[in-house]
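Colleague: Take a look at structure-v1.cif, mmCIF, C-alpha atoms:
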data_start
#
loop_
_atom_site.group_PDB
_atom_site.id
_atom_site.type_symbol
_atom_site.label_atom_id
_atom_site.label_comp_id
_atom_site.auth_asym_id
_atom_site.auth_seq_id
_atom_site.Cartn_x
_atom_site.Cartn_y
_atom_site.Cartn_z
ATOM 1 C CA MET A 1 -11.226 -13.011 17.167
ATOM 2 C CA ARG A 2 -13.710 -11.442 14.772
ATOM 3 C CA ALA A 3 -12.999 -8.056 16.278
ATOM 4 C CA ILE A 4 -9.258 -8.431 15.632
ATOM 5 C CA VAL A 5 -9.831 -9.450 12.009
ATOM 6 C CA ALA A 6 -12.317 -6.608 11.533
ATOM 7 C CA LEU A 7 -9.839 -4.130 13.044
ATOM 8 C CA TYR A 8 -7.128 -5.416 10.675
ATOM 9 C CA PHE A 9 -9.378 -4.822 7.647
ATOM 10 C CA VAL A 10 -10.570 -1.436 8.927
ATOM 11 C CA ILE A 11 -6.978 -0.247 9.348
ATOM 12 C CA GLY A 12 -6.118 -1.449 5.826
ATOM 13 C CA VAL A 13 -9.114 0.307 4.281
ATOM 14 C CA ALA A 14 -8.400 3.461 6.305
ATOM 15 C CA LEU A 15 -4.781 3.519 5.093
ATOM 16 C CA LEU A 16 -5.971 3.061 1.531
ATOM 17 C CA ALA A 17 -8.474 5.912 1.928
ATOM 18 C CA ILE A 18 -5.821 8.173 3.459
ATOM 19 C CA GLY A 19 -3.547 7.372 0.530
ATOM 20 C CA PHE A 20 -6.214 8.487 -1.923
ATOM 21 C CA LEU A 21 -7.084 11.649 0.019
ATOM 22 C CA LEU A 22 -3.662 12.725 1.278
ATOM 23 C CA PRO A 23 -1.614 13.272 -1.888
ATOM 24 C CA GLY A 24 -4.161 15.528 -3.537
ATOM 25 C CA PRO A 25 -4.339 15.453 -7.307
ATOM 26 C CA CYS A 26 -2.213 12.887 -9.046
ATOM 27 C CA PRO A 27 -2.099 12.195 -12.770
ATOM 28 C CA ASN A 28 -2.712 8.446 -12.638
ATOM 29 C CA ARG A 29 -4.932 7.161 -9.825
ATOM 30 C CA ASN A 30 -4.579 3.489 -9.024
ATOM 31 C CA THR A 31 -7.963 2.025 -9.937
ATOM 32 C CA ASP A 32 -6.801 -1.592 -10.024
ATOM 33 C CA VAL A 33 -9.104 -3.438 -7.616
ATOM 34 C CA VAL A 34 -6.707 -6.365 -7.190
ATOM 35 C CA SER A 35 -3.803 -4.064 -6.287
ATOM 36 C CA ASN A 36 -5.924 -2.258 -3.716
ATOM 37 C CA LEU A 37 -7.199 -5.535 -2.265
ATOM 38 C CA VAL A 38 -3.652 -6.857 -1.948
ATOM 39 C CA PHE A 39 -2.677 -3.614 -0.198
ATOM 40 C CA VAL A 40 -5.520 -3.983 2.316
ATOM 41 C CA LEU A 41 -4.565 -7.601 3.016
ATOM 42 C CA THR A 42 -0.796 -7.054 3.245
ATOM 43 C CA TRP A 43 -0.436 -3.561 4.704
ATOM 44 C CA PRO A 44 1.662 -4.670 7.723
ATOM 45 C CA VAL A 45 4.229 -6.310 5.433
ATOM 46 C CA GLY A 46 4.429 -3.239 3.211
ATOM 47 C CA LEU A 47 4.675 -0.925 6.181
ATOM 48 C CA TYR A 48 7.506 -2.940 7.675
ATOM 49 C CA ALA A 49 9.415 -3.529 4.433
ATOM 50 C CA GLU A 50 9.077 -0.132 2.769
ATOM 51 C CA VAL A 51 8.750 2.294 5.677
ATOM 52 C CA TYR A 52 10.408 0.761 8.731
ATOM 53 C CA GLN A 53 13.304 -0.954 6.916
ATOM 54 C CA GLY A 54 13.093 0.838 3.586
ATOM 55 C CA GLN A 55 13.730 4.335 2.358
ATOM 56 C CA LEU A 56 10.131 5.642 2.195
ATOM 57 C CA SER A 57 8.165 7.769 4.602
ATOM 58 C CA ALA A 58 4.631 6.720 5.452
ATOM 59 C CA GLU A 59 3.270 9.475 3.208
ATOM 60 C CA GLN A 60 5.400 8.320 0.269
ATOM 61 C CA TRP A 61 4.309 4.720 0.822
ATOM 62 C CA LEU A 62 0.630 5.666 0.779
ATOM 63 C CA HIS A 63 1.151 7.962 -2.226
ATOM 64 C CA ARG A 64 2.844 5.144 -4.138
ATOM 65 C CA GLN A 65 -0.176 2.903 -3.593
ATOM 66 C CA ALA A 66 -2.731 5.547 -4.515
ATOM 67 C CA CYS A 67 -0.995 7.249 -7.428
ATOM 68 C CA GLU A 68 1.752 5.006 -8.732
ATOM 69 C CA GLY A 69 0.078 1.610 -8.920
ATOM 70 C CA GLY A 70 1.326 0.113 -5.684
ATOM 71 C CA GLY A 71 4.625 -0.758 -4.132
ATOM 72 C CA ARG A 72 7.481 -3.092 -4.897
ATOM 73 C CA LEU A 73 6.508 -6.093 -2.779
ATOM 74 C CA GLY A 74 5.191 -8.122 -5.698
ATOM 75 C CA GLU A 75 7.912 -7.232 -8.183
ATOM 76 C CA LYS A 76 10.281 -9.954 -9.226
ATOM 77 C CA LYS A 77 13.889 -9.078 -9.757
ATOM 78 C CA ALA A 78 15.530 -10.236 -12.954
ATOM 79 C CA ALA A 79 17.953 -13.080 -12.441
ATOM 80 C CA PRO A 80 21.500 -12.426 -13.592
ATOM 81 C CA ILE A 81 22.444 -14.238 -16.767
#
Rewrite the structure of this file - the entire thing - as structure tokens.
Modeller:
Amino acid sequence: MRAIVALYFVIGVALLAIGFLLPGPCPNRNTDVVSNLVFVLTWPVGLYAEVYQGQLSAEQWLHRQACEGGGRLGEKKAAPI
């Protein structure tokens, strides 16, 4: 069980590292620790929602986390008036 949890965290950290290394230079690196921690903990949900069902490629998804402050999973949509 510990090995599965460790593998889950290792994959999340590896994806985060790839996102920071893959896009090359970007004007605004995401240095928010909480955003990066949430990414590591919820990477399967983001992968499924934004890549598998969404419009992004895996590279765009990782670039969004590293250079654009994260994805849209935590955003709340405004309720119609």
Colleague: Please enumerate the residues selected by the PyMOL selection byres ((chain A and resi 18-34) around 7) when evaluated against the supplied file, formatted as a PDB file with C-alpha atoms, in the frame of the given file.
Modeller:
ATOM      1  CA  ALA A  14      -8.400   3.461   6.305  1.00  0.00           C
ATOM      2  CA  LEU A  15      -4.781   3.519   5.093  1.00  0.00           C
ATOM      3  CA  LEU A  16      -5.971   3.061   1.531  1.00  0.00           C
ATOM      4  CA  ALA A  17      -8.474   5.912   1.928  1.00  0.00           C
ATOM      5  CA  SER A  35      -3.803  -4.064  -6.287  1.00  0.00           C
ATOM      6  CA  ASN A  36      -5.924  -2.258  -3.716  1.00  0.00           C
ATOM      7  CA  LEU A  37      -7.199  -5.535  -2.265  1.00  0.00           C
ATOM      8  CA  VAL A  38      -3.652  -6.857  -1.948  1.00  0.00           C
ATOM      9  CA  LEU A  62       0.630   5.666   0.779  1.00  0.00           C
ATOM     10  CA  HIS A  63       1.151   7.962  -2.226  1.00  0.00           C
ATOM     11  CA  GLN A  65      -0.176   2.903  -3.593  1.00  0.00           C
ATOM     12  CA  ALA A  66      -2.731   5.547  -4.515  1.00  0.00           C
ATOM     13  CA  CYS A  67      -0.995   7.249  -7.428  1.00  0.00           C
ATOM     14  CA  GLU A  68       1.752   5.006  -8.732  1.00  0.00           C
ATOM     15  CA  GLY A  69       0.078   1.610  -8.920  1.00  0.00           C
TER      16      GLY A  69
END
Colleague: Can you tell me how far CA of Leu41 in chain A sits from CA of Val13 in chain A, in Å to one decimal?
Modeller: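 One can read the CA of Leu41 in chain A to CA of Val13 in chain A distance as 9.2 Å.
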Colleague: Distance CA of Val10 in chain A-CA of Gly54 in chain A, one decimal place?
Modeller: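 So the two atoms, CA of Val10 in chain A and CA of Gly54 in chain A, lie 24.4 Å apart.
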Colleague: If I take CA of Phe39 in chain A and CA of Ala58 in chain A, how far is one from the other in Å, to one decimal?
Modeller: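 Going from CA of Phe39 in chain A over to CA of Ala58 in chain A, I get 13.9 Å.
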